[in-house]
file structure_24.cif (mmCIF, C-alpha atoms and all ligand atoms)
data_final
loop_
_atom_site.label_atom_id
_atom_site.label_comp_id
_atom_site.auth_asym_id
_atom_site.auth_seq_id
_atom_site.Cartn_x
_atom_site.Cartn_y
_atom_site.Cartn_z
CA MET A 54 204.13 -166.72 89.56
CA SER A 55 204.70 -166.86 93.30
CA GLU A 56 205.10 -170.40 94.48
CA ASP A 57 205.10 -169.41 98.13
CA ALA A 58 202.89 -171.65 100.19
CA ILE A 59 200.12 -170.09 102.20
CA PRO A 60 201.26 -169.77 105.85
CA GLN A 61 199.26 -171.58 108.50
CA LEU A 62 196.99 -169.40 110.61
CA SER A 63 198.18 -169.36 114.19
CA GLY A 64 194.71 -168.65 115.59
CA TYR A 65 191.29 -167.26 114.80
CA SER A 66 191.26 -164.03 116.77
CA GLU A 67 190.35 -160.90 114.77
CA ALA A 68 193.81 -159.45 115.40
CA GLU A 69 195.47 -162.62 114.18
CA LEU A 70 193.28 -162.70 111.05
CA ASP A 71 193.92 -158.99 110.32
CA ARG A 72 197.65 -159.61 110.55
CA ALA A 73 197.53 -162.61 108.21
CA PHE A 74 195.35 -160.88 105.58
CA ALA A 75 197.46 -157.69 105.76
CA ALA A 76 200.52 -159.74 104.87
CA ILE A 77 198.76 -161.13 101.81
CA SER A 78 197.53 -157.67 100.88
CA ARG A 79 201.13 -156.41 100.87
CA GLU A 80 201.99 -159.27 98.57
CA VAL A 81 199.19 -158.23 96.19
CA ALA A 82 200.42 -154.64 96.18
CA ALA A 83 203.97 -155.74 95.45
CA SER A 84 203.05 -157.98 92.55
CA ALA A 85 200.75 -155.31 91.06
CA ALA A 86 203.56 -152.75 90.99
CA GLY A 87 204.86 -153.31 87.50
CA LEU A 88 201.80 -154.05 85.34
CA GLN A 89 203.05 -152.30 82.19
CA THR A 90 202.25 -154.85 79.52
CA PRO A 91 199.22 -156.98 78.68
CA GLU A 92 201.40 -160.04 79.38
CA ALA A 93 202.21 -158.81 82.90
CA VAL A 94 198.53 -158.17 83.64
CA GLU A 95 197.64 -161.66 82.46
CA GLN A 96 200.41 -163.06 84.63
CA PHE A 97 199.05 -161.18 87.64
CA ARG A 98 195.53 -162.40 86.92
CA LEU A 99 196.67 -166.03 86.78
CA GLN A 100 198.80 -165.67 89.88
CA TRP A 101 195.92 -164.37 92.01
CA VAL A 102 192.60 -165.43 90.60
CA GLY A 103 193.58 -168.33 88.33
CA ARG A 104 190.96 -171.04 88.80
CA LYS A 105 193.39 -173.86 89.52
CA GLN A 106 196.71 -172.37 90.59
CA GLY A 107 195.60 -168.93 91.83
CA ARG A 108 196.63 -167.85 95.34
CA LEU A 109 193.10 -166.76 96.17
CA LYS A 110 191.96 -170.35 95.71
CA ALA A 111 194.90 -171.57 97.81
CA ILE A 112 193.98 -169.15 100.59
CA SER A 113 190.41 -170.31 100.52
CA ASP A 114 191.57 -173.95 100.70
CA ALA A 115 194.09 -173.33 103.51
CA TRP A 116 192.20 -170.89 105.69
CA LEU A 117 188.52 -170.90 104.96
CA LYS A 118 187.64 -174.52 104.32
CA SER A 119 189.38 -175.92 107.40
CA ALA A 120 188.26 -173.15 109.77
CA PRO A 121 185.87 -173.90 112.63
CA ALA A 122 182.33 -172.75 111.92
CA SER A 123 182.64 -169.91 114.43
CA ALA A 124 185.56 -168.33 112.50
CA LYS A 125 184.21 -168.82 108.98
CA LYS A 126 182.33 -165.53 108.93
CA LEU A 127 185.34 -163.47 110.10
CA ILE A 128 187.62 -165.11 107.55
CA GLY A 129 185.00 -164.86 104.78
CA GLN A 130 184.62 -161.08 105.26
CA ARG A 131 188.36 -160.52 105.03
CA PHE A 132 188.62 -162.90 102.11
CA ASN A 133 186.00 -160.89 100.18
CA THR A 134 187.83 -157.64 100.89
CA LEU A 135 191.06 -159.16 99.58
CA LYS A 136 189.30 -160.43 96.46
CA ALA A 137 187.80 -156.99 95.77
CA GLU A 138 191.24 -155.44 96.17
CA ILE A 139 192.71 -157.79 93.55
CA GLU A 140 189.88 -157.12 91.15
CA GLN A 141 190.34 -153.38 91.56
CA ARG A 142 193.99 -153.73 90.63
CA LEU A 143 193.04 -155.72 87.53
CA ASP A 144 190.43 -153.13 86.51
CA ALA A 145 192.96 -150.34 86.93
CA ALA A 146 195.49 -152.17 84.77
CA ASP A 147 192.86 -152.94 82.13
CA SER A 148 191.67 -149.37 81.87
CA THR A 149 195.20 -148.10 81.27
CA LYS A 150 195.28 -150.62 78.45
CA HIS A 151 192.00 -149.33 76.95
CA ASP A 152 192.81 -145.65 77.05
CA GLY A 153 195.99 -146.40 75.19
CA ALA A 154 198.34 -145.47 77.99
CA PHE A 155 200.21 -148.75 77.81
CA HIS A 156 203.77 -148.21 76.67
CA ALA A 157 203.15 -144.50 77.10
CA ASP A 158 206.71 -144.01 78.17
CA ALA A 159 207.90 -145.95 75.07
CA ILE A 160 206.56 -143.32 72.63
CA ASP A 161 209.16 -140.78 71.67
CA ILE A 162 207.20 -137.91 70.15
CA THR A 163 210.39 -136.31 68.84
CA PHE A 164 211.13 -139.35 66.64
CA PRO A 165 210.92 -138.46 62.91
CA GLY A 166 207.89 -139.91 61.09
CA GLY A 167 208.20 -142.97 58.85
CA ARG A 168 208.11 -142.27 55.12
CA ARG A 169 205.34 -144.16 53.35
CA ASN A 170 205.68 -144.94 49.67
CA PRO A 171 202.20 -144.36 48.29
CA GLY A 172 202.65 -146.76 45.34
CA SER A 173 201.63 -146.09 41.76
CA GLU A 174 199.63 -147.65 38.96
CA HIS A 175 201.19 -150.61 37.19
CA PRO A 176 201.89 -149.76 33.53
CA LEU A 177 199.45 -152.47 32.50
CA ILE A 178 196.64 -151.10 34.67
CA LYS A 179 197.46 -147.57 33.52
CA THR A 180 197.06 -148.62 29.88
CA LEU A 181 193.92 -150.63 30.66
CA ASN A 182 192.31 -147.65 32.40
CA GLU A 183 193.24 -145.33 29.56
CA LEU A 184 191.71 -147.67 26.98
CA VAL A 185 188.54 -148.18 28.98
CA ALA A 186 188.17 -144.41 29.45
CA ILE A 187 188.44 -143.83 25.68
CA PHE A 188 185.53 -146.19 25.05
CA GLN A 189 183.52 -144.85 27.99
CA ARG A 190 183.69 -141.40 26.39
CA MET A 191 182.10 -142.98 23.30
CA GLY A 192 179.22 -144.30 25.43
CA TYR A 193 180.48 -147.82 26.08
CA SER A 194 179.87 -149.54 29.40
CA VAL A 195 182.42 -151.81 31.07
CA GLY A 196 181.91 -155.50 31.84
CA VAL A 197 183.73 -158.46 33.35
CA GLY A 198 183.45 -162.21 32.99
CA PRO A 199 184.91 -165.39 34.50
CA GLU A 200 188.51 -166.46 33.87
CA VAL A 201 187.56 -170.15 34.16
CA GLU A 202 185.20 -170.89 31.31
CA THR A 203 183.36 -173.82 29.83
CA ASP A 204 184.32 -175.11 26.41
CA TYR A 205 180.91 -173.87 25.22
CA TYR A 206 181.53 -170.20 26.03
CA ASN A 207 185.21 -170.09 25.13
CA PHE A 208 184.82 -171.96 21.82
CA GLU A 209 181.55 -173.54 20.73
CA SER A 210 179.23 -170.52 21.02
CA LEU A 211 181.90 -168.45 19.26
CA ASN A 212 181.55 -170.77 16.30
CA PHE A 213 184.63 -172.92 16.94
CA PRO A 214 182.97 -176.36 16.55
CA PRO A 215 184.58 -179.35 18.34
CA GLY A 216 187.64 -180.42 16.38
CA HIS A 217 187.77 -177.22 14.34
CA PRO A 218 191.38 -176.34 13.43
CA ALA A 219 190.89 -172.72 14.59
CA ARG A 220 190.97 -174.08 18.15
CA ASP A 221 194.63 -174.88 17.61
CA THR A 222 195.46 -171.19 17.28
CA GLN A 223 194.65 -170.74 20.98
CA ASP A 224 196.72 -173.29 22.86
CA THR A 225 194.47 -174.02 25.80
CA LEU A 226 195.12 -174.69 29.48
CA VAL A 227 192.50 -177.14 30.70
CA VAL A 228 191.23 -177.80 34.21
CA ALA A 229 192.01 -181.35 35.41
CA ASN A 230 189.45 -184.17 35.76
CA GLN A 231 186.86 -182.86 33.31
CA ASP A 232 186.90 -185.88 30.97
CA ARG A 233 183.64 -187.38 32.19
CA LYS A 234 181.62 -184.26 31.39
CA PRO A 235 180.19 -183.56 27.94
CA LEU A 236 182.72 -181.50 25.98
CA ARG A 237 180.66 -178.32 26.15
CA ASP A 238 180.67 -178.32 29.97
CA ARG A 239 184.39 -178.99 30.48
CA LEU A 240 186.24 -176.21 32.29
CA ILE A 241 189.23 -174.45 30.77
CA MET A 242 191.11 -171.22 31.40
CA ARG A 243 189.70 -168.69 28.95
CA THR A 244 192.04 -168.13 26.03
CA HIS A 245 190.46 -164.78 25.11
CA THR A 246 187.90 -162.33 26.46
CA SER A 247 185.45 -163.07 23.60
CA PRO A 248 183.31 -165.49 25.72
CA VAL A 249 182.16 -162.40 27.62
CA GLN A 250 180.51 -161.25 24.37
CA ILE A 251 178.19 -164.24 24.71
CA HIS A 252 177.58 -163.78 28.45
CA THR A 253 176.75 -160.11 27.87
CA MET A 254 174.28 -160.78 25.07
CA GLU A 255 172.64 -163.64 26.98
CA GLN A 256 172.06 -161.24 29.86
CA GLN A 257 170.57 -158.29 27.95
CA PRO A 258 168.67 -157.63 24.74
CA PRO A 259 170.22 -155.28 22.16
CA PRO A 260 171.45 -152.57 21.88
CA VAL A 261 174.87 -153.36 23.42
CA ARG A 262 177.97 -151.20 23.59
CA ILE A 263 180.49 -152.71 25.99
CA VAL A 264 184.20 -153.15 26.56
CA ILE A 265 185.55 -155.98 28.67
CA PRO A 266 189.11 -155.87 30.00
CA GLY A 267 190.54 -159.01 31.53
CA LYS A 268 193.18 -161.64 32.05
CA VAL A 269 193.49 -164.52 29.60
CA HIS A 270 195.56 -167.71 29.62
CA ARG A 271 197.35 -169.65 26.91
CA ASN A 272 199.76 -172.53 27.02
CA ASP A 273 202.48 -170.49 25.30
CA ALA A 274 206.17 -170.79 26.11
CA ALA A 275 207.33 -167.61 27.82
CA ASP A 276 209.73 -165.38 25.92
CA ALA A 277 210.25 -161.63 25.54
CA THR A 278 206.89 -161.17 23.80
CA HIS A 279 204.87 -164.15 25.11
CA SER A 280 203.51 -164.88 28.56
CA PRO A 281 201.08 -167.67 29.52
CA ILE A 282 199.04 -164.93 31.20
CA PHE A 283 198.25 -161.69 29.41
CA HIS A 284 195.41 -159.20 29.09
CA GLN A 285 192.88 -158.32 26.43
CA LEU A 286 190.33 -155.62 25.89
CA GLU A 287 187.24 -156.97 24.19
CA GLY A 288 184.71 -154.69 22.53
CA LEU A 289 181.18 -155.41 21.34
CA CYS A 290 178.62 -153.17 19.67
CA VAL A 291 175.23 -154.53 18.58
CA ASP A 292 172.26 -152.50 17.32
CA ASP A 293 170.12 -151.89 14.21
CA ASN A 294 172.20 -151.14 11.15
CA ILE A 295 175.70 -151.41 12.59
CA THR A 296 178.07 -151.53 9.62
CA PHE A 297 181.74 -152.11 8.91
CA SER A 298 182.08 -148.31 8.58
CA ASP A 299 181.03 -147.97 12.22
CA LEU A 300 183.73 -150.48 13.16
CA LYS A 301 186.39 -148.60 11.17
CA GLY A 302 185.39 -145.21 12.54
CA THR A 303 185.27 -146.43 16.14
CA LEU A 304 188.68 -148.11 16.07
CA ASP A 305 190.30 -145.29 14.10
CA HIS A 306 189.07 -142.80 16.68
CA ALA A 307 190.21 -145.00 19.59
CA MET A 308 193.73 -145.38 18.15
CA LYS A 309 194.00 -141.61 17.58
CA GLU A 310 192.93 -140.99 21.19
CA LEU A 311 195.49 -143.50 22.43
CA PHE A 312 198.51 -142.66 20.28
CA GLY A 313 197.83 -139.13 19.02
CA SER A 314 195.71 -137.65 16.24
CA SER A 315 198.32 -138.11 13.49
CA VAL A 316 198.15 -141.92 13.77
CA LYS A 317 196.47 -143.65 10.80
CA THR A 318 194.81 -147.09 10.77
CA ARG A 319 194.47 -149.70 8.04
CA PHE A 320 192.40 -152.88 7.90
CA PHE A 321 193.55 -156.20 6.43
CA PRO A 322 191.40 -159.25 5.72
CA SER A 323 191.81 -161.87 8.42
CA PHE A 324 189.95 -164.79 9.94
CA PHE A 325 188.19 -165.36 13.23
CA PRO A 326 185.41 -167.97 13.48
CA PHE A 327 183.09 -165.54 15.31
CA THR A 328 183.36 -162.55 12.95
CA GLU A 329 182.59 -162.27 9.24
CA PRO A 330 184.20 -160.45 7.59
CA SER A 331 187.22 -160.32 9.91
CA ALA A 332 190.14 -157.92 9.87
CA ASP A 333 193.50 -157.25 11.46
CA VAL A 334 194.14 -153.61 12.23
CA GLN A 335 197.48 -151.90 11.84
CA ILE A 336 198.37 -148.39 12.97
CA SER A 337 201.00 -146.17 11.38
CA CYS A 338 204.07 -146.31 13.61
CA PRO A 339 203.61 -143.64 16.29
CA PHE A 340 207.38 -143.51 16.85
CA CYS A 341 208.60 -142.69 13.35
CA GLY A 342 205.40 -141.38 11.81
CA GLY A 343 205.44 -144.22 9.27
CA LYS A 344 208.94 -143.63 7.89
CA GLY A 345 210.24 -146.89 9.31
CA CYS A 346 212.24 -147.48 12.50
CA ARG A 347 213.37 -150.28 14.78
CA LYS A 348 210.02 -150.32 16.65
CA CYS A 349 207.99 -151.00 13.50
CA LYS A 350 210.68 -153.24 12.04
CA TYR A 351 211.18 -150.62 9.30
CA SER A 352 207.71 -151.25 7.86
CA GLY A 353 206.07 -148.04 9.07
CA TRP A 354 203.10 -150.02 10.46
CA ILE A 355 202.36 -151.96 13.65
CA GLU A 356 199.68 -154.64 13.93
CA LEU A 357 197.59 -154.06 17.01
CA LEU A 358 194.22 -155.79 17.05
CA GLY A 359 191.68 -158.17 15.56
CA CYS A 360 188.10 -157.33 14.73
CA GLY A 361 185.13 -158.00 12.49
CA MET A 362 181.37 -158.03 12.07
CA VAL A 363 179.67 -160.44 14.50
CA ASP A 364 179.05 -163.71 12.63
CA PRO A 365 175.31 -164.48 12.27
CA SER A 366 175.91 -167.94 13.70
CA VAL A 367 177.11 -166.33 16.97
CA PHE A 368 173.79 -164.48 17.18
CA GLY A 369 172.20 -167.88 16.53
CA PHE A 370 173.80 -169.35 19.68
CA VAL A 371 172.80 -166.31 21.75
CA ALA A 372 169.23 -166.38 20.40
CA GLN A 373 168.66 -169.71 22.18
CA LYS A 374 168.46 -167.57 25.35
CA GLN A 375 167.72 -164.08 23.99
CA PRO A 376 165.50 -164.29 20.88
CA ALA A 377 165.99 -160.56 20.23
CA TYR A 378 169.40 -161.40 18.75
CA ASP A 379 167.88 -162.24 15.39
CA PRO A 380 170.56 -161.79 12.73
CA LYS A 381 167.85 -160.62 10.29
CA MET A 382 167.04 -157.70 12.57
CA ILE A 383 170.34 -156.62 14.10
CA SER A 384 174.05 -156.51 13.33
CA GLY A 385 177.20 -155.71 15.24
CA PHE A 386 180.94 -155.59 15.40
CA ALA A 387 183.52 -156.91 17.86
CA PHE A 388 187.18 -156.30 18.43
CA GLY A 389 189.92 -157.59 20.70
CA MET A 390 193.32 -156.17 21.53
CA GLY A 391 196.26 -157.21 23.66
CA ILE A 392 196.67 -154.72 26.49
CA ASP A 393 200.19 -155.91 27.37
CA ARG A 394 201.42 -155.32 23.83
CA ILE A 395 199.95 -151.83 23.75
CA ALA A 396 201.48 -151.01 27.15
CA MET A 397 204.86 -152.33 25.98
CA MET A 398 204.69 -150.16 22.88
CA LYS A 399 203.61 -147.08 24.75
CA TYR A 400 206.29 -147.35 27.39
CA GLY A 401 209.09 -148.94 25.36
CA ILE A 402 209.09 -152.15 27.42
CA THR A 403 210.97 -154.90 25.57
CA ASP A 404 210.32 -157.90 27.83
CA ILE A 405 206.75 -158.86 28.79
CA SER A 406 207.92 -160.83 31.85
CA LEU A 407 208.81 -157.52 33.52
CA MET A 408 205.06 -156.88 33.73
CA TYR A 409 204.62 -159.88 36.02
CA SER A 410 207.89 -159.91 37.97
CA GLY A 411 206.93 -157.42 40.69
CA ASP A 412 210.44 -155.94 40.49
CA LEU A 413 210.35 -152.54 42.18
CA ARG A 414 213.22 -151.21 40.05
CA PHE A 415 210.91 -151.69 37.05
CA LEU A 416 207.71 -150.48 38.70
CA GLU A 417 209.22 -147.35 40.23
CA GLN A 418 209.93 -146.02 36.74
CA PHE A 419 206.19 -145.52 36.27
CA ALA A 420 205.57 -143.73 39.57
N1 LIG A 501 189.44 -163.10 20.52
C1 LIG A 501 190.36 -162.85 19.42
C2 LIG A 501 191.75 -163.35 19.82
O1 LIG A 501 192.02 -163.48 20.99
C3 LIG A 501 190.42 -161.38 19.07
C4 LIG A 501 189.13 -160.87 18.50
C5 LIG A 501 188.15 -160.34 19.31
C6 LIG A 501 188.90 -160.88 17.13
C7 LIG A 501 186.95 -159.88 18.78
C8 LIG A 501 187.76 -160.42 16.57
C9 LIG A 501 186.76 -159.91 17.40
O2 LIG A 501 192.58 -163.59 19.00
#
call {"tool": "encode", "arguments": {"input": "structure_24.cif", "output": "structure tokens"}}
result
Amino acid sequence: MSEDAIPQLSGYSEAELDRAFAAISREVAASAAGLQTPEAVEQFRLQWVGRKQGRLKAISDAWLKSAPASAKKLIGQRFNTLKAEIEQRLDAADSTKHDGAFHADAIDITFPGGRRNPGSEHPLIKTLNELVAIFQRMGYSVGVGPEVETDYYNFESLNFPPGHPARDTQDTLVVANQDRKPLRDRLIMRTHTSPVQIHTMEQQPPPVRIVIPGKVHRNDAADATHSPIFHQLEGLCVDDNITFSDLKGTLDHAMKELFGSSVKTRFFPSFFPFTEPSADVQISCPFCGGKGCRKCKYSGWIELLGCGMVDPSVFGFVAQKQPAYDPKMISGFAFGMGIDRIAMMKYGITDISLMYSGDLRFLEQFA
């Protein structure tokens, strides 16, 4: 910014005033010469029309205010002309900015274009989408639910009463400072996607056919096959006359779609508080065809998911809000599978932490 003081006027004749203003006008022209960047324009603006330090204000103070009344009009006219000139220069600089001509000479149109890596689906998301699509083709819709749940939705309404030992199978991460609430209202990170079964049924009367993919949290020590965060796909089907045969047929079909039509399934008795009867499902090893290999630990079978017929007491909890879920009138099945495990199997990934590391050397293999 120019610090030059404003010269004293040596008289008030028109010729003298013209000479003095012309000198200032040359100064304006000189300082407007190199307005190539927004910073330079701002600098120019401050230098000339800045409210406190601007030269225009200084000129007004030095020449106009102290002038005899007879000269004020002559000075004022010239002052306005000068002001208009400065504003014109600012407008001109601004319009070059708006039509994009700033830095025009800095663009080298012969410079080769930058290569953009378009990215690709994460193996987990790829598997999730594939699974969801299989069920959509069977007429299922897709739902979501909250990752922070109350004890009621994560456990109680799924028939895990307070203190029930089955709660210990899902080592739970709890939200701090919940102790003063009744147990059922305390917030926890959901340990499975099954609470979304309850939310879904509370929101709509039967029939229901839905799959719910999502992130779940457990206080498990991380190792090659465990991560405190992983993903599940929940499934729920409720209607008149849904039987265990429907459950078997649905899951058998889904596994054949996912791993190929030669894959077989088998169902073993199991226990979940919210299904009765409950089963664990194994598939014949898609890698060795059931002969036995390293992937299936030489057993020929791989355990992949849990399932069962919806326990009548679960319908009982839901019926408090949706009376149509009367276990005498309807029945249903539910299933849950670990998406990470399925992705690891499909792609031969041996360490689950790779899924969450964001390491490009890993991710680029799926591009
Ligand atoms: N929620 C169970 C789990 O995380 C899996 C499951 C879902 C079992 C639905 C049966 C029915 O272990």
call {"tool": "atom_distance", "arguments": {"input": "structure_24.cif", "atom1": "CA of Val291 in chain A", "atom2": "CA of Ser315 in chain A"}}
result
28.8 Å
call {"tool": "closest_residue", "arguments": {"input": "structure_24.cif", "among": "A:Cys349, A:Ala122, A:Ala387, A:Met397", "to": "ligand LIG 501 (chain A)", "atoms": "all atoms listed in the file"}}
result
A:Ala387
call {"tool": "residues_near_ligand", "arguments": {"input": "structure_24.cif", "ligand": "ligand LIG 501 (chain A)", "cutoff": "10 Å", "atoms": "all atoms listed in the file", "output": "VMD selection string"}}
result
chain A and resid 207 211 222 to 223 243 to 248 250 269 284 to 289 323 to 333 358 to 364 386 to 391
call {"tool": "atom_distance", "arguments": {"input": "structure_24.cif", "atom1": "CA of Ala145 in chain A", "atom2": "CA of Lys126 in chain A"}}
result
28.8 Å
call {"tool": "residues_around", "arguments": {"input": "structure_24.cif", "residues": "Asp238 in chain A", "least_positions_apart": "2", "cutoff": "7 Å", "atoms": "only C-alpha atoms", "output": "list in words"}}
result
Thr203, Asp204, Tyr205, Lys234, Pro235, Leu236 and Leu240 of chain A
call {"tool": "closest_residue", "arguments": {"input": "structure_24.cif", "among": "A:Met382, A:Lys344, A:Lys268, A:Ala58", "to": "Ile295 in chain A", "atoms": "all atoms listed in the file"}}
result
A:Met382
